[in-house]
$ cat protein00.txt   # compact mmCIF, N, CA and C atoms
# COMPACT_ATOMS: atom_id res chain seq x y z
N GLN A 1 -1.54 -0.05 -20.88
CA GLN A 1 -0.86 -0.95 -19.96
C GLN A 1 -0.73 -0.26 -18.60
N VAL A 2 -1.22 -0.91 -17.57
CA VAL A 2 -1.16 -0.34 -16.22
C VAL A 2 0.20 -0.63 -15.61
N GLN A 3 0.81 0.40 -15.05
CA GLN A 3 2.08 0.23 -14.36
C GLN A 3 2.04 0.92 -13.01
N LEU A 4 2.59 0.27 -12.00
CA LEU A 4 2.70 0.83 -10.67
C LEU A 4 4.17 0.74 -10.27
N VAL A 5 4.73 1.86 -9.86
CA VAL A 5 6.15 1.89 -9.51
C VAL A 5 6.31 2.49 -8.12
N GLU A 6 6.79 1.65 -7.19
CA GLU A 6 7.00 2.10 -5.81
C GLU A 6 8.38 2.69 -5.63
N SER A 7 8.48 3.56 -4.64
CA SER A 7 9.77 4.10 -4.22
C SER A 7 9.64 4.54 -2.77
N GLY A 8 10.78 4.87 -2.16
CA GLY A 8 10.77 5.41 -0.81
C GLY A 8 11.17 4.45 0.28
N GLY A 9 11.38 3.20 -0.09
CA GLY A 9 11.83 2.25 0.92
C GLY A 9 13.24 2.57 1.37
N GLY A 10 13.65 1.92 2.45
CA GLY A 10 14.99 2.14 2.96
C GLY A 10 15.14 1.54 4.34
N SER A 11 16.19 1.99 5.00
CA SER A 11 16.50 1.48 6.34
C SER A 11 16.34 2.60 7.35
N VAL A 12 15.68 2.30 8.46
CA VAL A 12 15.42 3.30 9.49
C VAL A 12 15.48 2.63 10.85
N GLN A 13 15.76 3.40 11.87
CA GLN A 13 15.76 2.87 13.23
C GLN A 13 14.33 2.80 13.76
N ALA A 14 14.12 1.91 14.69
CA ALA A 14 12.80 1.79 15.33
C ALA A 14 12.37 3.15 15.88
N GLY A 15 11.10 3.46 15.66
CA GLY A 15 10.56 4.76 16.06
C GLY A 15 10.62 5.80 14.96
N GLY A 16 11.34 5.49 13.89
CA GLY A 16 11.48 6.43 12.79
C GLY A 16 10.32 6.37 11.82
N SER A 17 10.45 7.14 10.74
CA SER A 17 9.39 7.25 9.74
C SER A 17 9.94 7.09 8.33
N LEU A 18 9.08 6.62 7.45
CA LEU A 18 9.35 6.56 6.02
C LEU A 18 8.07 6.87 5.29
N ARG A 19 8.20 7.42 4.09
CA ARG A 19 7.05 7.61 3.23
C ARG A 19 7.27 6.89 1.91
N LEU A 20 6.40 5.95 1.63
CA LEU A 20 6.44 5.23 0.36
C LEU A 20 5.56 5.93 -0.66
N SER A 21 6.00 5.89 -1.90
CA SER A 21 5.23 6.46 -3.00
C SER A 21 4.99 5.39 -4.05
N CYS A 22 3.90 5.53 -4.76
CA CYS A 22 3.57 4.60 -5.85
C CYS A 22 2.97 5.42 -6.99
N VAL A 23 3.73 5.53 -8.06
CA VAL A 23 3.24 6.26 -9.23
C VAL A 23 2.49 5.29 -10.13
N VAL A 24 1.28 5.67 -10.49
CA VAL A 24 0.40 4.81 -11.27
C VAL A 24 0.22 5.40 -12.67
N SER A 25 0.37 4.58 -13.68
CA SER A 25 0.14 5.03 -15.05
C SER A 25 -0.72 4.02 -15.79
N GLY A 26 -1.47 4.52 -16.77
CA GLY A 26 -2.28 3.65 -17.60
C GLY A 26 -3.53 3.12 -16.93
N TYR A 27 -3.86 3.62 -15.77
CA TYR A 27 -5.02 3.13 -15.01
C TYR A 27 -6.18 4.08 -15.27
N LYS A 28 -7.24 3.57 -15.92
CA LYS A 28 -8.28 4.44 -16.44
C LYS A 28 -9.54 4.52 -15.60
N TYR A 29 -9.58 3.84 -14.47
CA TYR A 29 -10.80 3.80 -13.68
C TYR A 29 -10.93 5.07 -12.84
N SER A 30 -12.08 5.70 -12.90
CA SER A 30 -12.30 6.92 -12.12
C SER A 30 -12.78 6.59 -10.71
N THR A 31 -13.38 5.44 -10.53
CA THR A 31 -13.79 4.95 -9.21
C THR A 31 -13.01 3.67 -8.95
N TYR A 32 -12.26 3.64 -7.82
CA TYR A 32 -11.32 2.54 -7.66
C TYR A 32 -10.97 2.32 -6.20
N CYS A 33 -10.26 1.25 -5.98
CA CYS A 33 -9.67 0.98 -4.67
C CYS A 33 -8.20 0.65 -4.90
N MET A 34 -7.34 1.27 -4.12
CA MET A 34 -5.91 0.97 -4.20
C MET A 34 -5.40 0.64 -2.82
N GLY A 35 -4.35 -0.15 -2.77
CA GLY A 35 -3.88 -0.60 -1.47
C GLY A 35 -2.39 -0.76 -1.38
N TRP A 36 -1.93 -0.90 -0.15
CA TRP A 36 -0.54 -1.23 0.16
C TRP A 36 -0.51 -2.57 0.88
N PHE A 37 0.43 -3.39 0.47
CA PHE A 37 0.63 -4.71 1.07
C PHE A 37 2.09 -4.86 1.45
N ARG A 38 2.37 -5.85 2.28
CA ARG A 38 3.75 -6.16 2.61
C ARG A 38 3.93 -7.66 2.69
N GLN A 39 5.16 -8.08 2.48
CA GLN A 39 5.43 -9.51 2.43
C GLN A 39 6.86 -9.81 2.85
N LEU A 40 7.00 -10.83 3.66
CA LEU A 40 8.31 -11.38 4.00
C LEU A 40 8.50 -12.66 3.21
N PRO A 41 9.75 -13.03 2.93
CA PRO A 41 10.00 -14.28 2.20
C PRO A 41 9.35 -15.47 2.87
N GLY A 42 8.63 -16.27 2.09
CA GLY A 42 7.98 -17.45 2.63
C GLY A 42 6.68 -17.20 3.35
N LYS A 43 6.27 -15.93 3.41
CA LYS A 43 5.03 -15.58 4.10
C LYS A 43 4.00 -15.09 3.10
N GLU A 44 2.74 -15.12 3.52
CA GLU A 44 1.67 -14.58 2.68
C GLU A 44 1.74 -13.06 2.62
N ARG A 45 1.26 -12.52 1.50
CA ARG A 45 1.20 -11.07 1.37
C ARG A 45 0.10 -10.54 2.29
N GLU A 46 0.48 -9.54 3.09
CA GLU A 46 -0.42 -9.01 4.12
C GLU A 46 -0.91 -7.62 3.73
N GLY A 47 -2.23 -7.42 3.80
CA GLY A 47 -2.78 -6.11 3.53
C GLY A 47 -2.45 -5.13 4.64
N VAL A 48 -2.04 -3.92 4.27
CA VAL A 48 -1.67 -2.89 5.23
C VAL A 48 -2.74 -1.80 5.27
N ALA A 49 -3.10 -1.30 4.10
CA ALA A 49 -4.07 -0.21 4.03
C ALA A 49 -4.67 -0.16 2.65
N ALA A 50 -5.89 0.38 2.57
CA ALA A 50 -6.57 0.54 1.29
C ALA A 50 -7.27 1.88 1.28
N ILE A 51 -7.40 2.45 0.09
CA ILE A 51 -8.06 3.74 -0.04
C ILE A 51 -8.95 3.74 -1.27
N HIS A 52 -10.15 4.28 -1.10
CA HIS A 52 -11.08 4.41 -2.20
C HIS A 52 -10.84 5.75 -2.90
N SER A 53 -11.29 5.85 -4.14
CA SER A 53 -11.13 7.10 -4.88
C SER A 53 -11.82 8.26 -4.17
N SER A 54 -12.81 7.97 -3.32
CA SER A 54 -13.50 9.01 -2.56
C SER A 54 -12.67 9.51 -1.38
N GLY A 55 -11.64 8.73 -1.01
CA GLY A 55 -10.80 9.08 0.12
C GLY A 55 -11.02 8.23 1.36
N SER A 56 -12.04 7.40 1.36
CA SER A 56 -12.26 6.54 2.53
C SER A 56 -11.15 5.50 2.61
N THR A 57 -10.82 5.11 3.83
CA THR A 57 -9.65 4.24 4.05
C THR A 57 -9.99 3.06 4.95
N ASN A 58 -9.17 2.02 4.82
CA ASN A 58 -9.20 0.86 5.72
C ASN A 58 -7.77 0.53 6.09
N TYR A 59 -7.55 0.10 7.34
CA TYR A 59 -6.22 -0.23 7.81
C TYR A 59 -6.22 -1.57 8.52
N ALA A 60 -5.10 -2.26 8.40
CA ALA A 60 -4.87 -3.44 9.22
C ALA A 60 -4.71 -3.00 10.67
N ASP A 61 -5.16 -3.82 11.60
CA ASP A 61 -5.06 -3.47 13.02
C ASP A 61 -3.61 -3.21 13.44
N SER A 62 -2.68 -3.91 12.80
CA SER A 62 -1.28 -3.82 13.20
C SER A 62 -0.66 -2.46 12.88
N VAL A 63 -1.29 -1.67 12.02
CA VAL A 63 -0.72 -0.39 11.62
C VAL A 63 -1.61 0.79 11.95
N LYS A 64 -2.80 0.54 12.46
CA LYS A 64 -3.72 1.64 12.79
C LYS A 64 -3.07 2.61 13.77
N GLY A 65 -3.20 3.90 13.47
CA GLY A 65 -2.62 4.91 14.33
C GLY A 65 -1.17 5.21 14.04
N ARG A 66 -0.54 4.39 13.19
CA ARG A 66 0.88 4.61 12.85
C ARG A 66 1.06 4.91 11.36
N PHE A 67 0.31 4.26 10.52
CA PHE A 67 0.44 4.42 9.06
C PHE A 67 -0.73 5.22 8.52
N ILE A 68 -0.46 5.99 7.47
CA ILE A 68 -1.51 6.77 6.80
C ILE A 68 -1.40 6.57 5.30
N ILE A 69 -2.49 6.12 4.69
CA ILE A 69 -2.54 5.98 3.24
C ILE A 69 -3.21 7.23 2.66
N SER A 70 -2.67 7.73 1.56
CA SER A 70 -3.25 8.91 0.93
C SER A 70 -2.98 8.86 -0.57
N GLN A 71 -3.57 9.78 -1.28
CA GLN A 71 -3.42 9.80 -2.74
C GLN A 71 -3.38 11.23 -3.23
N ASP A 72 -2.66 11.44 -4.29
CA ASP A 72 -2.63 12.73 -4.97
C ASP A 72 -3.03 12.45 -6.42
N ASN A 73 -4.29 12.71 -6.73
CA ASN A 73 -4.79 12.37 -8.06
C ASN A 73 -4.11 13.18 -9.16
N ALA A 74 -3.73 14.40 -8.85
CA ALA A 74 -3.06 15.24 -9.86
C ALA A 74 -1.72 14.65 -10.26
N LYS A 75 -1.10 13.93 -9.33
CA LYS A 75 0.21 13.32 -9.59
C LYS A 75 0.10 11.83 -9.87
N ASN A 76 -1.13 11.30 -9.87
CA ASN A 76 -1.33 9.85 -10.07
C ASN A 76 -0.46 9.05 -9.11
N THR A 77 -0.43 9.48 -7.87
CA THR A 77 0.48 8.88 -6.90
C THR A 77 -0.25 8.48 -5.63
N LEU A 78 0.07 7.29 -5.17
CA LEU A 78 -0.43 6.74 -3.91
C LEU A 78 0.71 6.82 -2.90
N TYR A 79 0.39 7.14 -1.65
CA TYR A 79 1.41 7.26 -0.60
C TYR A 79 1.08 6.36 0.59
N LEU A 80 2.14 6.01 1.30
CA LEU A 80 1.97 5.36 2.60
C LEU A 80 2.97 6.00 3.55
N GLN A 81 2.45 6.83 4.45
CA GLN A 81 3.27 7.44 5.49
C GLN A 81 3.36 6.47 6.65
N MET A 82 4.57 6.05 6.98
CA MET A 82 4.78 5.08 8.04
C MET A 82 5.52 5.74 9.19
N ASN A 83 4.85 5.84 10.32
CA ASN A 83 5.42 6.45 11.51
C ASN A 83 5.59 5.41 12.62
N SER A 84 6.40 5.76 13.59
CA SER A 84 6.63 4.87 14.74
C SER A 84 6.93 3.45 14.27
N LEU A 85 7.85 3.34 13.34
CA LEU A 85 8.15 2.03 12.76
C LEU A 85 8.74 1.09 13.79
N LYS A 86 8.39 -0.18 13.64
CA LYS A 86 8.82 -1.23 14.55
C LYS A 86 9.60 -2.29 13.76
N PRO A 87 10.44 -3.07 14.40
CA PRO A 87 11.14 -4.15 13.69
C PRO A 87 10.19 -5.10 12.98
N GLU A 88 9.01 -5.29 13.51
CA GLU A 88 8.04 -6.20 12.86
C GLU A 88 7.42 -5.62 11.59
N ASP A 89 7.74 -4.35 11.28
CA ASP A 89 7.27 -3.75 10.03
C ASP A 89 8.21 -4.07 8.86
N VAL A 90 9.32 -4.73 9.15
CA VAL A 90 10.26 -5.09 8.08
C VAL A 90 9.57 -5.97 7.05
N ALA A 91 9.67 -5.59 5.77
CA ALA A 91 9.06 -6.37 4.69
C ALA A 91 9.35 -5.68 3.37
N THR A 92 8.99 -6.35 2.30
CA THR A 92 8.90 -5.69 1.00
C THR A 92 7.47 -5.18 0.87
N TYR A 93 7.34 -3.91 0.55
CA TYR A 93 6.04 -3.27 0.47
C TYR A 93 5.63 -3.11 -1.00
N TYR A 94 4.39 -3.45 -1.28
CA TYR A 94 3.84 -3.40 -2.63
C TYR A 94 2.60 -2.51 -2.68
N CYS A 95 2.47 -1.75 -3.75
CA CYS A 95 1.20 -1.08 -3.99
C CYS A 95 0.42 -1.89 -5.02
N ALA A 96 -0.90 -1.73 -4.96
CA ALA A 96 -1.76 -2.53 -5.83
C ALA A 96 -3.00 -1.73 -6.21
N ALA A 97 -3.54 -2.05 -7.38
CA ALA A 97 -4.74 -1.38 -7.88
C ALA A 97 -5.81 -2.41 -8.19
N SER A 98 -7.00 -2.13 -7.70
CA SER A 98 -8.14 -3.01 -7.95
C SER A 98 -8.98 -2.45 -9.08
N VAL A 99 -9.77 -3.28 -9.73
CA VAL A 99 -10.72 -2.79 -10.72
C VAL A 99 -12.11 -2.68 -10.10
N SER A 100 -12.17 -2.87 -8.77
CA SER A 100 -13.44 -2.75 -8.06
C SER A 100 -13.81 -1.29 -7.92
N GLY A 101 -15.09 -0.99 -7.98
CA GLY A 101 -15.55 0.38 -7.83
C GLY A 101 -15.79 0.77 -6.38
N TYR A 102 -15.51 -0.13 -5.46
CA TYR A 102 -15.70 0.18 -4.06
C TYR A 102 -14.52 -0.36 -3.26
N CYS A 103 -14.43 0.07 -2.01
CA CYS A 103 -13.37 -0.36 -1.12
C CYS A 103 -14.01 -0.80 0.18
N SER A 104 -13.55 -1.91 0.72
CA SER A 104 -14.07 -2.37 1.99
C SER A 104 -12.93 -3.03 2.76
N ALA A 105 -13.26 -3.53 3.94
CA ALA A 105 -12.23 -4.24 4.72
C ALA A 105 -11.71 -5.44 3.94
N ALA A 106 -12.52 -5.97 3.03
CA ALA A 106 -12.08 -7.10 2.22
C ALA A 106 -10.95 -6.73 1.28
N HIS A 107 -10.79 -5.44 1.04
CA HIS A 107 -9.72 -4.99 0.15
C HIS A 107 -8.37 -4.95 0.86
N LEU A 108 -8.29 -5.58 2.00
CA LEU A 108 -6.99 -5.84 2.62
C LEU A 108 -6.51 -7.25 2.27
N TYR A 109 -7.21 -7.90 1.33
CA TYR A 109 -6.80 -9.21 0.85
C TYR A 109 -6.25 -9.08 -0.57
N ALA A 110 -5.15 -9.74 -0.83
CA ALA A 110 -4.43 -9.58 -2.09
C ALA A 110 -5.26 -9.99 -3.30
N TRP A 111 -6.16 -10.97 -3.12
CA TRP A 111 -6.90 -11.49 -4.27
C TRP A 111 -7.87 -10.47 -4.85
N LYS A 112 -8.08 -9.37 -4.12
CA LYS A 112 -8.98 -8.32 -4.60
C LYS A 112 -8.31 -7.42 -5.65
N TYR A 113 -7.00 -7.60 -5.85
CA TYR A 113 -6.25 -6.67 -6.69
C TYR A 113 -5.74 -7.33 -7.96
N LEU A 114 -5.76 -6.54 -9.04
CA LEU A 114 -5.35 -7.04 -10.34
C LEU A 114 -3.95 -6.58 -10.73
N TYR A 115 -3.60 -5.37 -10.34
CA TYR A 115 -2.33 -4.79 -10.77
C TYR A 115 -1.42 -4.57 -9.56
N TRP A 116 -0.12 -4.86 -9.76
CA TRP A 116 0.84 -4.79 -8.67
C TRP A 116 2.12 -4.09 -9.11
N GLY A 117 2.74 -3.41 -8.17
CA GLY A 117 4.07 -2.87 -8.40
C GLY A 117 5.12 -3.92 -8.10
N GLN A 118 6.38 -3.52 -8.24
CA GLN A 118 7.48 -4.46 -8.09
C GLN A 118 7.99 -4.56 -6.66
N GLY A 119 7.57 -3.65 -5.81
CA GLY A 119 7.93 -3.71 -4.40
C GLY A 119 9.10 -2.81 -4.04
N THR A 120 9.11 -2.38 -2.78
CA THR A 120 10.21 -1.60 -2.23
C THR A 120 10.49 -2.11 -0.83
N GLN A 121 11.77 -2.25 -0.50
CA GLN A 121 12.16 -2.89 0.76
C GLN A 121 12.20 -1.88 1.90
N VAL A 122 11.66 -2.29 3.03
CA VAL A 122 11.71 -1.48 4.25
C VAL A 122 12.40 -2.31 5.33
N THR A 123 13.43 -1.71 5.92
CA THR A 123 14.17 -2.37 7.00
C THR A 123 14.13 -1.48 8.23
N VAL A 124 13.82 -2.06 9.38
CA VAL A 124 13.76 -1.33 10.63
C VAL A 124 14.67 -2.01 11.63
N SER A 125 15.62 -1.27 12.15
CA SER A 125 16.56 -1.84 13.11
C SER A 125 16.19 -1.40 14.52
N SER A 126 16.40 -2.30 15.46
CA SER A 126 16.03 -1.99 16.85
C SER A 126 17.19 -1.35 17.58
$ encode --input "protein00.txt" --output "structure tokens"
Amino acid sequence: QVQLVESGGGSVQAGGSLRLSCVVSGYKYSTYCMGWFRQLPGKEREGVAAIHSSGSTNYADSVKGRFIISQDNAKNTLYLQMNSLKPEDVATYYCAASVSGYCSAAHLYAWKYLYWGQGTQVTVSS
């Protein structure tokens, strides 16, 4: 059974930083794509960043230069370092795992992913 558990959300002032973590268990694919998404109530889930098992990455234009996606395979953990946070970054953030063996810009779309975490809330005050 695949499980993804996010942590690290919280409240921060604009310009601040947060690091989200996602511990993955039961996921047996050696070649994969994993991603971070965010969602506001009543809005579509928005892709933020994706990373391939090789380390290649894709980012949404809205977060390029501010957010960094990374992974620690020894810890089975996916990270999202969020810097220079803005009020418009407020959302519930989700990590997700695809069963695809490749990663592309298309992996910023939610339908590409099969497994999801429960989400962690990020609040940014101005």
$ select_by_dssp --input "protein00.txt" --residues "chain A" --states "helix (DSSP H, G or I)" --output "list of chain:residue names"
A:Asn73, A:Ala74, A:Lys75, A:Pro87, A:Glu88, A:Asp89, A:Ala105, A:Ala106, A:His107, A:Leu108, A:Ala110, A:Trp111, A:Lys112
$ residues_around --input "protein00.txt" --residues "A:Leu18" --least-positions-apart "5" --cutoff "6 Å" --atoms "all atoms listed in the file" --output "PyMOL selection string"
chain A and resi 80-83
$ atom_distance --input "protein00.txt" --atom1 "atom C of A:Tyr115" --atom2 "atom N of A:Ser30"
15.2 Å
$ residues_near_point --input "protein00.txt" --point "(-5.8, -9.1, 0.3)" --cutoff "6 Å" --atoms "all atoms listed in the file" --output "VMD selection string"
chain A and resid 47 106 to 112
$ residues_near_point --input "protein00.txt" --point "(0.0, 8.4, 8.1)" --cutoff "12 Å" --atoms "only C-alpha atoms" --output "MDAnalysis selection string"
chainID A and resid 17:20 48:49 57 59 63:71 79:85
$ closest_residue --input "protein00.txt" --among "A:Gln13, A:Ser7, A:Gln121, A:Gln1" --to "A:Val90" --atoms "only N, CA and C atoms"
A:Gln121
$ closest_residue --input "protein00.txt" --among "A:Ser104, A:Gly8, A:Tyr29, A:Thr123" --to "A:Ala50" --atoms "only C-alpha atoms"
A:Ser104
$ closest_residue --input "protein00.txt" --among "A:Thr77, A:Ser126, A:Ser56, A:Ser100" --to "A:Thr31" --atoms "only C-alpha atoms"
A:Ser100
$ closest_residue --input "protein00.txt" --among "A:Val2, A:Val12, A:Cys33, A:Val24" --to "A:Gly101" --atoms "all atoms listed in the file"
A:Cys33
$ axis_aligned_box --input "protein00.txt" --around "stretch 22-28 of chain A" --padding-each-side "3 Å" --output "JSON"
{"center_x": -2.8, "center_y": 4.7, "center_z": -11.2, "size_x": 19.4, "size_y": 9.1, "size_z": 18.8}
$ atom_distance --input "protein00.txt" --atom1 "atom C of A:Trp36" --atom2 "atom CA of A:Ala96"
6.8 Å
$ closest_residue --input "protein00.txt" --among "A:Met34, A:Val99, A:Ala105, A:Ala60" --to "A:Leu78" --atoms "only C-alpha atoms"
A:Met34
$ closest_residue --input "protein00.txt" --among "A:Gln39, A:Ser11, A:Ser21, A:Ser54" --to "A:Ser125" --atoms "only C-alpha atoms"
A:Ser11
